[in-house]
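Shown next: input.txt, given as compact mmCIF, C-alpha atoms and all ligand atoms.
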# COMPACT_ATOMS: atom_id res chain seq x y z
CA MET A 3 -69.73 9.66 46.11
CA THR A 4 -72.86 11.51 46.99
CA THR A 5 -74.72 10.92 43.75
CA ARG A 6 -75.85 7.47 42.76
CA ARG A 7 -77.52 6.57 39.54
CA CYS A 8 -79.22 3.43 38.37
CA PHE A 9 -77.39 1.13 36.00
CA LEU A 10 -79.38 2.12 32.92
CA GLU A 11 -78.63 5.81 33.36
CA ILE A 12 -74.96 5.02 33.87
CA ALA A 13 -74.87 2.77 30.82
CA ALA A 14 -76.51 5.45 28.69
CA LEU A 15 -73.99 7.95 29.94
CA ALA A 16 -71.13 5.61 29.08
CA LEU A 17 -72.34 5.04 25.54
CA GLY A 18 -72.45 8.76 24.92
CA ALA A 19 -69.15 9.46 26.63
CA GLU A 20 -66.25 10.80 24.68
CA ARG A 21 -63.21 8.57 25.02
CA ILE A 22 -60.95 11.13 26.58
CA LEU A 23 -58.13 9.02 27.93
CA ALA A 24 -56.80 7.45 24.76
CA ALA A 25 -53.38 6.56 26.17
CA ALA A 26 -54.80 4.99 29.32
CA ASP A 27 -57.94 3.59 27.79
CA ALA A 28 -56.79 0.18 26.55
CA PRO A 29 -58.22 -2.75 28.55
CA VAL A 30 -56.19 -5.03 30.85
CA PRO A 31 -53.36 -5.05 31.28
CA PHE A 32 -53.53 -1.31 31.72
CA THR A 33 -50.26 0.52 31.22
CA LEU A 34 -48.80 3.71 32.63
CA PRO A 35 -49.29 6.51 30.08
CA PRO A 36 -46.09 8.53 29.59
CA LEU A 37 -46.01 12.09 30.89
CA PRO A 38 -46.71 14.45 27.98
CA TYR A 39 -43.74 16.65 29.04
CA ALA A 40 -40.42 16.32 30.88
CA TYR A 41 -40.31 15.72 34.63
CA ASP A 42 -38.92 19.22 35.17
CA ALA A 43 -41.39 20.96 32.84
CA LEU A 44 -43.60 22.25 35.65
CA GLU A 45 -40.76 23.81 37.66
CA PRO A 46 -40.71 25.87 39.78
CA TYR A 47 -44.37 25.26 40.65
CA ILE A 48 -44.16 21.46 40.78
CA ASP A 49 -40.69 20.09 41.41
CA THR A 50 -38.94 17.44 39.34
CA GLN A 51 -38.61 14.85 42.10
CA THR A 52 -42.29 15.06 42.97
CA MET A 53 -43.20 14.50 39.33
CA GLN A 54 -40.85 11.49 39.07
CA ILE A 55 -42.18 9.80 42.20
CA HIS A 56 -45.80 10.78 41.60
CA HIS A 57 -45.87 9.49 38.02
CA ASP A 58 -43.37 6.61 38.05
CA LYS A 59 -44.15 5.21 41.50
CA HIS A 60 -47.62 6.25 42.65
CA HIS A 61 -49.43 6.11 39.32
CA GLN A 62 -47.57 2.93 38.35
CA ALA A 63 -48.74 1.32 41.60
CA TYR A 64 -52.38 2.12 40.81
CA VAL A 65 -51.93 0.53 37.38
CA ASN A 66 -50.26 -2.59 38.78
CA ASN A 67 -52.85 -3.07 41.51
CA LEU A 68 -55.74 -2.54 39.12
CA ASN A 69 -54.32 -5.17 36.77
CA LYS A 70 -53.92 -7.59 39.68
CA ALA A 71 -57.51 -7.04 40.79
CA LEU A 72 -58.93 -7.67 37.31
CA ALA A 73 -56.61 -10.51 36.30
CA GLY A 74 -59.06 -13.29 37.20
CA ASP A 75 -62.11 -11.72 35.54
CA PRO A 76 -62.26 -12.18 31.76
CA VAL A 77 -65.42 -10.05 31.40
CA LEU A 78 -64.29 -7.00 33.36
CA SER A 79 -60.83 -7.30 31.81
CA LYS A 80 -62.35 -6.32 28.47
CA LEU A 81 -63.62 -2.96 29.75
CA SER A 82 -61.85 0.36 29.35
CA ILE A 83 -60.93 2.36 32.41
CA ASP A 84 -63.74 4.82 31.60
CA GLU A 85 -66.29 1.99 31.43
CA LEU A 86 -65.06 0.50 34.70
CA MET A 87 -65.39 3.81 36.54
CA VAL A 88 -68.83 4.54 35.07
CA LYS A 89 -70.08 1.06 36.04
CA LEU A 90 -68.42 1.08 39.46
CA ASP A 91 -71.61 0.66 41.50
CA THR A 92 -72.65 -2.42 39.51
CA LEU A 93 -69.36 -4.33 39.86
CA PRO A 94 -69.11 -7.44 42.07
CA ALA A 95 -68.34 -6.43 45.66
CA PRO A 96 -64.90 -8.08 45.95
CA ILE A 97 -63.63 -6.24 42.86
CA ARG A 98 -65.52 -2.99 43.41
CA THR A 99 -63.25 -1.65 46.14
CA ALA A 100 -60.10 -2.34 44.13
CA VAL A 101 -61.54 -0.68 41.03
CA ARG A 102 -62.76 2.26 43.07
CA ASN A 103 -59.34 2.87 44.63
CA GLN A 104 -56.83 1.59 42.05
CA GLY A 105 -58.95 2.19 38.95
CA GLY A 106 -59.90 5.61 40.27
CA GLY A 107 -56.22 6.33 40.85
CA HIS A 108 -55.37 5.29 37.29
CA TYR A 109 -58.23 7.27 35.74
CA ASN A 110 -57.68 10.43 37.82
CA HIS A 111 -53.91 10.55 37.28
CA SER A 112 -54.16 9.80 33.55
CA LEU A 113 -56.37 12.86 33.25
CA PHE A 114 -54.31 14.94 35.68
CA TRP A 115 -51.05 14.72 33.66
CA GLN A 116 -52.84 15.85 30.52
CA THR A 117 -54.41 18.87 32.20
CA LEU A 118 -51.00 20.29 33.21
CA ALA A 119 -48.44 22.16 31.11
CA PRO A 120 -45.36 24.33 31.59
CA ALA A 121 -46.31 27.74 32.98
CA SER A 122 -45.23 29.43 29.73
CA GLN A 123 -47.88 27.38 27.88
CA SER A 124 -50.62 27.47 30.51
CA GLY A 125 -52.79 30.04 28.72
CA LYS A 126 -56.36 30.85 29.69
CA PRO A 127 -59.76 29.22 29.30
CA SER A 128 -61.30 30.21 25.97
CA GLY A 129 -64.35 29.62 23.81
CA GLU A 130 -67.38 27.93 25.32
CA LEU A 131 -65.53 27.06 28.53
CA ALA A 132 -64.64 30.70 29.21
CA VAL A 133 -68.26 31.70 28.64
CA ALA A 134 -69.57 28.91 30.89
CA LEU A 135 -67.09 29.71 33.68
CA THR A 136 -68.09 33.38 33.72
CA LYS A 137 -71.78 32.53 33.56
CA THR A 138 -71.57 30.00 36.38
CA PHE A 139 -69.08 31.58 38.76
CA GLY A 140 -69.13 35.28 37.84
CA SER A 141 -65.55 35.48 36.59
CA GLN A 142 -62.45 33.40 35.98
CA GLU A 143 -61.00 34.73 39.23
CA LYS A 144 -64.07 33.71 41.24
CA PHE A 145 -63.94 30.26 39.65
CA GLU A 146 -60.29 29.87 40.65
CA ASP A 147 -61.07 31.04 44.18
CA GLY A 148 -63.85 28.45 44.41
CA LEU A 149 -61.61 25.66 43.13
CA LYS A 150 -58.84 26.66 45.55
CA THR A 151 -61.29 26.69 48.49
CA ALA A 152 -62.55 23.22 47.53
CA ALA A 153 -58.99 21.89 47.21
CA VAL A 154 -57.80 23.34 50.49
CA GLY A 155 -60.97 22.09 52.19
CA VAL A 156 -60.59 18.40 51.31
CA PHE A 157 -60.07 16.59 54.63
CA GLY A 158 -57.24 14.11 54.20
CA SER A 159 -56.55 12.74 50.73
CA GLY A 160 -58.67 13.46 47.71
CA TRP A 161 -59.31 15.71 44.74
CA ALA A 162 -61.02 19.00 43.92
CA TRP A 163 -62.70 19.16 40.53
CA LEU A 164 -64.35 21.30 37.94
CA THR A 165 -67.01 18.98 36.52
CA THR A 166 -69.62 19.22 33.82
CA ASP A 167 -72.62 17.31 32.55
CA LYS A 168 -73.32 16.72 28.85
CA ALA A 169 -75.29 19.98 28.73
CA GLY A 170 -72.28 21.99 29.93
CA LYS A 171 -73.60 22.70 33.42
CA LEU A 172 -70.43 23.28 35.46
CA ALA A 173 -69.82 22.60 39.15
CA ILE A 174 -66.95 22.67 41.61
CA GLU A 175 -66.85 19.58 43.77
CA SER A 176 -64.47 17.38 45.69
CA THR A 177 -64.06 13.64 46.19
CA PRO A 178 -62.29 11.66 48.91
CA ASN A 179 -59.41 9.26 48.20
CA GLN A 180 -59.39 8.25 44.51
CA ASP A 181 -63.14 8.51 43.95
CA THR A 182 -63.79 10.05 40.55
CA PRO A 183 -66.77 12.20 39.49
CA LEU A 184 -67.26 9.84 36.53
CA SER A 185 -68.65 7.20 38.92
CA ALA A 186 -71.28 9.72 40.07
CA GLY A 187 -72.39 10.58 36.54
CA ARG A 188 -70.35 13.77 36.22
CA TYR A 189 -67.46 14.42 33.85
CA PRO A 190 -64.25 15.77 35.37
CA VAL A 191 -62.97 18.72 33.33
CA VAL A 192 -59.97 19.55 35.48
CA GLY A 193 -58.84 18.15 38.84
CA ILE A 194 -56.39 19.08 41.56
CA ASP A 195 -54.75 16.15 43.34
CA VAL A 196 -54.45 17.07 47.02
CA TRP A 197 -52.92 13.83 48.27
CA GLU A 198 -49.77 14.73 50.20
CA HIS A 199 -47.73 12.72 47.65
CA ALA A 200 -48.60 15.47 45.14
CA TYR A 201 -46.91 18.27 47.07
CA TYR A 202 -45.21 17.26 50.33
CA LEU A 203 -41.58 17.27 49.13
CA LYS A 204 -41.75 20.94 48.12
CA TYR A 205 -44.64 22.37 50.12
CA GLN A 206 -44.77 20.09 53.19
CA ASN A 207 -47.93 21.04 55.13
CA ARG A 208 -48.59 24.17 53.06
CA ARG A 209 -51.37 22.83 50.87
CA PRO A 210 -52.75 26.32 50.04
CA GLU A 211 -49.37 27.26 48.50
CA TYR A 212 -49.37 24.11 46.37
CA VAL A 213 -52.94 24.74 45.23
CA ALA A 214 -52.10 28.32 44.26
CA ALA A 215 -48.99 27.07 42.44
CA ILE A 216 -50.71 24.40 40.41
CA LEU A 217 -53.10 26.94 38.93
CA HIS A 218 -50.03 28.39 37.15
CA VAL A 219 -49.50 25.13 35.25
CA ILE A 220 -53.00 24.21 34.06
CA ASN A 221 -53.09 23.36 30.35
CA TRP A 222 -56.08 25.53 29.49
CA ASP A 223 -55.92 24.67 25.79
CA PHE A 224 -56.35 20.99 26.64
CA VAL A 225 -59.03 21.71 29.24
CA THR A 226 -60.96 24.02 26.90
CA SER A 227 -60.91 21.42 24.16
CA ARG A 228 -61.88 18.66 26.61
CA PHE A 229 -64.92 20.66 27.76
CA LYS A 230 -65.96 21.15 24.14
CA LYS A 231 -65.71 17.42 23.39
CA LEU A 232 -67.56 16.41 26.57
CA THR A 233 -70.46 18.73 25.82
CA ALA A 234 -70.59 18.31 22.03
MN MN B 301 -51.63 11.57 43.09
Show me this structure written as structure tokens.
Amino acid sequence: MTTRRCFLEIAALALGAERILAAADAPVPFTLPPLPYAYDALEPYIDTQTMQIHHDKHHQAYVNNLNKALAGDPVLSKLSIDELMVKLDTLPAPIRTAVRNQGGGHYNHSLFWQTLAPASQSGKPSGELAVALTKTFGSQEKFEDGLKTAAVGVFGSGWAWLTTDKAGKLAIESTPNQDTPLSAGRYPVVGIDVWEHAYYLKYQNRRPEYVAAILHVINWDFVTSRFKKLTA
């Protein structure tokens, strides 16, 4: 993460944060939230087998490893996944790396599933989000171009994001590995997972094709309403 904040700022941010990951938010042991649609719901853009392996195997592994890392710590075990990610920089060193990687994986994927929907229900940004996107990036198309460029440009594994602060100031950014913008004091609004496990079965090395495809299955109703809650 490029941005670091002191503990008090982070704590203040956490107290004001909307709990946006209800299904994944319960403290240890964390559980894998079910997909909010069928495995084949994102076809033909995201294939069924990728969704099965990505959700049932990869996300489950992040959950299991996070639970293992926190099992011996009764204090940290009481925190929600949001709180853990917000407080990342203040955690004890031996646990910090596990929370960063496994907790980040759990947080990012829990959000990711919710921000996707079948292409027929993808819709468009509306309301305050549509206004903010146009104001910040010039148009919806320019925003999508910027997000695509960020996603294609991630070296190795990571994520591209649309993020906001509480005032609704939007930005496109990227993070390596499973780092999440929440740990840098920014709220992820929508993210594109560009780990190869997210696309390799169908797209192999053609990450730009996958990135273009996933923009057909963004759940803009969810994302619009998430932006509104985060900036309320
Ligand atoms: Mn993934």
Show me which residues sit within 10 Å of ligand MN 301 (chain B) when counting only C-alpha atoms and all ligand atoms, and put them as a PyMOL selection string.
-> chain A and resi 52-53+55-57+59-61+64+107-108+110-111+114-115+159-161+179-180+194-201
Could you save those same residues with C-alpha atoms as a compact mmCIF listing (two decimals), in the frame of the given file?
# COMPACT_ATOMS: atom_id res chain seq x y z
CA THR A 52 -42.29 15.06 42.97
CA MET A 53 -43.20 14.50 39.33
CA ILE A 55 -42.18 9.80 42.20
CA HIS A 56 -45.80 10.78 41.60
CA HIS A 57 -45.87 9.49 38.02
CA LYS A 59 -44.15 5.21 41.50
CA HIS A 60 -47.62 6.25 42.65
CA HIS A 61 -49.43 6.11 39.32
CA TYR A 64 -52.38 2.12 40.81
CA GLY A 107 -56.22 6.33 40.85
CA HIS A 108 -55.37 5.29 37.29
CA ASN A 110 -57.68 10.43 37.82
CA HIS A 111 -53.91 10.55 37.28
CA PHE A 114 -54.31 14.94 35.68
CA TRP A 115 -51.05 14.72 33.66
CA SER A 159 -56.55 12.74 50.73
CA GLY A 160 -58.67 13.46 47.71
CA TRP A 161 -59.31 15.71 44.74
CA ASN A 179 -59.41 9.26 48.20
CA GLN A 180 -59.39 8.25 44.51
CA ILE A 194 -56.39 19.08 41.56
CA ASP A 195 -54.75 16.15 43.34
CA VAL A 196 -54.45 17.07 47.02
CA TRP A 197 -52.92 13.83 48.27
CA GLU A 198 -49.77 14.73 50.20
CA HIS A 199 -47.73 12.72 47.65
CA ALA A 200 -48.60 15.47 45.14
CA TYR A 201 -46.91 18.27 47.07
Region 39-115 of chain A near region 203-223 of chain A within 9 Å: what's each residue's closest atom pair and its distance in Å to one decimal, counting all atoms listed in the file, ordered by chain then ascending residue number, as a tab-separated table?
residue	atom	partner	partner_atom	distance
A:Leu44	CA	A:Val219	CA	6.6
A:Pro46	CA	A:Ala215	CA	8.8
A:Tyr47	CA	A:Ala215	CA	5.3
A:Ile48	CA	A:Ile216	CA	7.2
A:Asp49	CA	A:Lys204	CA	6.8
A:Gln51	CA	A:Leu203	CA	8.0
A:Thr52	CA	A:Leu203	CA	6.6
Which is closer to Leu68 (chain A) than all the others in A:Ala234, A:Val154, A:Leu86, A:Leu37, using all atoms listed in the file?
->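 Of A:Ala234, A:Val154, A:Leu86, A:Leu37, the one nearest Leu68 (chain A), counting all atoms listed in the file, is A:Leu86.
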For Pro178 (chain A), the nearest of the candidates A:Ala152, A:Leu34, A:Ala121, A:Leu78, counting only C-alpha atoms |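 Closest to Pro178 (chain A) of all the choices is A:Ala152.
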Interatomic distance, CA of Lys89 (chain A) to CA of Ser185 (chain A) (Å, one decimal) |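 Calculated distance between CA of Lys89 (chain A) and CA of Ser185 (chain A) is 6.9 Å.
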Give the answer as one residue: which of A:Asn67, A:Thr233, A:Thr50, A:Ser141 has the shortest atom-to-atom distance to Ile97 (chain A), using all atoms listed in the file?
->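 Result for the nearest residue to Ile97 (chain A): A:Asn67.
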Judged by all atoms listed in the file, the minimum distance to Leu118 (chain A) among A:Phe32, A:Tyr39, A:Phe229, A:Tyr202 is found for A:Tyr39
Excluding same-chain residues fewer than 3 positions from Pro127 (chain A), what lies within 9 Å of it counting all atoms listed in the file, as number ranges by chain?
-> A: 130-133, 135, 142, 221-223, 225-226
Nearest to Gly170 (chain A) by atom-to-atom distance, counting all atoms listed in the file, from A:Leu232, A:Ala119, A:Val88, A:Leu184 |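 Ranked by minimum distance to Gly170 (chain A), first place goes to A:Leu232.
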Pick the closest to Thr177 (chain A) from A:Pro190, A:Pro76, A:Gly129, A:Gly148: which is it, counting all atoms listed in the file?
->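 Going through A:Pro190, A:Pro76, A:Gly129, A:Gly148 one by one, the smallest distance to Thr177 (chain A) is for A:Pro190.
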If you measure from CA of Ala43 (chain A) to CA of Leu149 (chain A), what distance in Å do you get, rounded to one decimal?
->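 Calculated distance between CA of Ala43 (chain A) and CA of Leu149 (chain A) is 23.2 Å.
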Calculate how many Å separate CA of Lys126 (chain A) from CA of Gly106 (chain A), rounding to one decimal.
->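 For CA of Lys126 (chain A) relative to CA of Gly106 (chain A), the distance reads 27.6 Å.
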Mind listing as an MDAnalysis selection string all residues within 9 Å of (-63.6, -1.8, 40.8), counting all atoms listed in the file?
-> chainID A and resid 68 71:72 86:87 89:91 93:106
Quick one: residues within 8 Å of (-70.6, 18.2, 35.0) (file frame), counting all atoms listed in the file, please, as a list in words.
->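 Protein and nucleic acid residues near the point are Leu164, Thr165, Thr166, Asp167, Lys168, Gly170, Lys171, Leu172, Ala173, Gly187, Arg188, Tyr189, Pro190 and Val191 of chain A.
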